[in-house]
Amino acid sequence: MKILPILTLILLMASCQNKQRLKSFNNVITADDSLNIELSKADTITYHSDRLGLDVTYPSYLRHQYLEDDQMEVFLNNDISLSFMVQNLYKGDDIFRTPGQQLMGMGAELLEAGDDYSIHTGQEGDFEYYAKILDDSTRLVTIILRYLPDRSGAAEGLKQYVHDYQLR
C-alpha cells in the first residue's frame with residue numbers, strides 16, 4: 001500500500017515534466033519572426049545612386065542588389081525587396097503612363113492619395129506589393145515593397161517605412 005502513493009507521485013512528476021517540455025517546444029522562431037527582430041534593430045543606410053540621381057535610405061538588414069537596369073535600385077532580404085525607380089519629367093523621359101496608372105492597370109488598389117504622393121497595394125504573381133509614388137514636380141519616384149504573403153508579418157514594418165518615406 002505504501003508503494004501506491006509513491007508511484008502516483010512519480011507519475012504526477014513525470015507528467016509535469018512532459019508538459020513543461022511540450023510548452024518549451026512550441027517556442028519556435030520562424031523566418032518571419034527573425035526578420036521582425038532584424039527590422040526592430042535596423043539602422044538606416046543612405047546610398048547615393050548616380051543612376052537615379054537620388055539619395056536612397058533603406059533599412060540596414062536589406063542588401064543592395066546590383067542590376068544591369070539603370071532605371072532601378074533594389075534592396076532585398078529573404079523574399080522581401082524594396083525597389084526605387086525614378087522618372088525624370090524635366091529630362092523629357094517618355095512617360096506614356098505614370099507609375100500610378102501602370103500599377104492601377106495591373107489591378108492595384110489606391111489606398112491613399114495626397115497632393116504629391118499616392119499609395120497603392122496589389123498582387124503580382126506570387127508576390128504582394130505596397131507602393132508609394134512621390135511627385136516633386138521634376139520627377140516621379142516610385143518605391144515598391146514586394147513580399148511573399150507568408151512574410152506579411154515582417155513586411156508590416158516596411159509598409160510603414162514606405163508609407164512614411166520622404167525625398168531628401
# chains A, B, ... in the order shown; residues from 1 in each chain; ligands from 1
>>> residues_around(residues="segment 67-75 of chain A", least_positions_apart="6", cutoff="10 Å", atoms="only C-alpha atoms", output="mmCIF file with N, CA and C atoms, in the first residue's frame")
data_model
loop_
_atom_site.group_PDB
_atom_site.id
_atom_site.type_symbol
_atom_site.label_atom_id
_atom_site.label_comp_id
_atom_site.auth_asym_id
_atom_site.auth_seq_id
_atom_site.Cartn_x
_atom_site.Cartn_y
_atom_site.Cartn_z
ATOM 1 N N TYR A 47 22.307 55.586 -49.375
ATOM 2 C CA TYR A 47 23.068 55.168 -50.549
ATOM 3 C C TYR A 47 22.797 56.176 -51.656
ATOM 4 N N SER A 49 22.619 56.961 -55.391
ATOM 5 C CA SER A 49 22.508 56.289 -56.680
ATOM 6 C C SER A 49 22.753 57.302 -57.786
ATOM 7 N N ASP A 50 23.898 57.165 -58.465
ATOM 8 C CA ASP A 50 24.165 58.020 -59.624
ATOM 9 C C ASP A 50 23.168 57.733 -60.740
ATOM 10 N N ARG A 51 22.752 56.469 -60.845
ATOM 11 C CA ARG A 51 21.792 56.092 -61.896
ATOM 12 C C ARG A 51 20.486 56.862 -61.776
ATOM 13 N N LEU A 52 20.003 56.959 -60.536
ATOM 14 C CA LEU A 52 18.710 57.597 -60.303
ATOM 15 C C LEU A 52 18.840 59.083 -59.976
ATOM 16 N N VAL A 56 19.119 57.354 -51.542
ATOM 17 C CA VAL A 56 18.129 56.376 -51.110
ATOM 18 C C VAL A 56 18.467 55.955 -49.689
ATOM 19 N N TYR A 58 17.562 53.166 -46.723
ATOM 20 C CA TYR A 58 16.923 51.859 -46.600
ATOM 21 C C TYR A 58 17.382 51.201 -45.306
ATOM 22 N N PRO A 59 16.605 50.259 -44.761
ATOM 23 C CA PRO A 59 16.974 49.560 -43.526
ATOM 24 C C PRO A 59 18.236 48.722 -43.739
ATOM 25 N N SER A 60 19.098 48.705 -42.741
ATOM 26 C CA SER A 60 20.403 48.062 -42.870
ATOM 27 C C SER A 60 20.342 46.545 -43.051
ATOM 28 N N TYR A 61 19.246 45.899 -42.726
ATOM 29 C CA TYR A 61 19.199 44.453 -42.907
ATOM 30 C C TYR A 61 18.901 44.048 -44.354
ATOM 31 N N SER A 81 11.664 42.566 -50.991
ATOM 32 C CA SER A 81 12.516 43.510 -51.718
ATOM 33 C C SER A 81 11.913 44.900 -51.672
ATOM 34 N N LEU A 82 12.804 45.875 -51.734
ATOM 35 C CA LEU A 82 12.435 47.271 -51.766
ATOM 36 C C LEU A 82 13.092 47.852 -53.003
ATOM 37 N N SER A 83 12.280 48.348 -53.948
ATOM 38 C CA SER A 83 12.786 48.879 -55.216
ATOM 39 C C SER A 83 12.522 50.378 -55.287
ATOM 40 N N PHE A 84 13.485 51.090 -55.854
ATOM 41 C CA PHE A 84 13.365 52.525 -56.065
ATOM 42 C C PHE A 84 13.526 52.788 -57.557
ATOM 43 N N MET A 85 12.604 53.548 -58.133
ATOM 44 C CA MET A 85 12.665 53.908 -59.554
ATOM 45 C C MET A 85 12.378 55.391 -59.691
ATOM 46 N N VAL A 86 12.976 56.019 -60.713
ATOM 47 C CA VAL A 86 12.788 57.448 -60.945
ATOM 48 C C VAL A 86 12.471 57.680 -62.411
ATOM 49 N N GLN A 87 11.478 58.515 -62.659
ATOM 50 C CA GLN A 87 11.192 59.027 -63.997
ATOM 51 C C GLN A 87 11.334 60.532 -63.928
ATOM 52 N N THR A 142 9.213 56.173 -57.437
ATOM 53 C CA THR A 142 8.366 55.052 -57.048
ATOM 54 C C THR A 142 9.145 54.138 -56.123
ATOM 55 N N ILE A 143 8.558 53.819 -54.980
ATOM 56 C CA ILE A 143 9.144 52.882 -54.019
ATOM 57 C C ILE A 143 8.170 51.723 -53.918
ATOM 58 N N ILE A 144 8.660 50.515 -54.231
ATOM 59 C CA ILE A 144 7.784 49.340 -54.211
ATOM 60 C C ILE A 144 8.357 48.300 -53.261
ATOM 61 N N LEU A 145 7.543 47.887 -52.305
ATOM 62 C CA LEU A 145 7.857 46.794 -51.395
ATOM 63 C C LEU A 145 7.168 45.553 -51.938
#
>>> closest_residue(among="A:His48, A:Arg146, A:Arg63, A:Arg151", to="Phe127 of chain A", atoms="only C-alpha atoms")
A:Arg146
>>> residues_around(residues="segment 98-112 of chain A", least_positions_apart="3", cutoff="10 Å", atoms="only C-alpha atoms", output="list in words")
Met85, Val86, Gln87, Ile95, Tyr117, Ser118, Ile119, His120, Thr121, Gly122, Gln123, Glu124, Tyr129, Tyr130, Ala131, Lys132, Ile133, Leu134, Leu140, Val141, Thr142 and His163 of chain A
>>> atom_distance(atom1="atom CA of Lys159 of chain A", atom2="atom CA of Arg139 of chain A")
22.3 Å
>>> closest_residue(among="A:Asp116, A:Ser137, A:Thr57, A:Gly125", to="Asn88 of chain A", atoms="only C-alpha atoms")
A:Ser137
>>> select_by_dssp(residues="segment 55-148 of chain A", states="helix (DSSP H, G or I)", output="MDAnalysis selection string")
chainID A and resid 99:105
>>> write_last_selection(atoms="N, CA and C atoms", output="compact mmCIF listing (two decimals), in the first residue's frame")
# COMPACT_ATOMS: atom_id res chain seq x y z
N PRO A 99 3.56 55.99 -63.14
CA PRO A 99 3.66 54.76 -62.34
C PRO A 99 2.34 54.39 -61.67
N GLY A 100 1.59 55.39 -61.22
CA GLY A 100 0.29 55.11 -60.60
C GLY A 100 -0.68 54.48 -61.59
N GLN A 101 -0.69 54.99 -62.82
CA GLN A 101 -1.55 54.41 -63.85
C GLN A 101 -1.11 52.99 -64.19
N GLN A 102 0.20 52.77 -64.23
CA GLN A 102 0.71 51.42 -64.51
C GLN A 102 0.29 50.44 -63.42
N LEU A 103 0.41 50.86 -62.16
CA LEU A 103 0.00 49.99 -61.05
C LEU A 103 -1.49 49.72 -61.09
N MET A 104 -2.28 50.75 -61.36
CA MET A 104 -3.73 50.57 -61.43
C MET A 104 -4.10 49.64 -62.59
N GLY A 105 -3.34 49.73 -63.69
CA GLY A 105 -3.56 48.84 -64.82
C GLY A 105 -3.25 47.39 -64.50
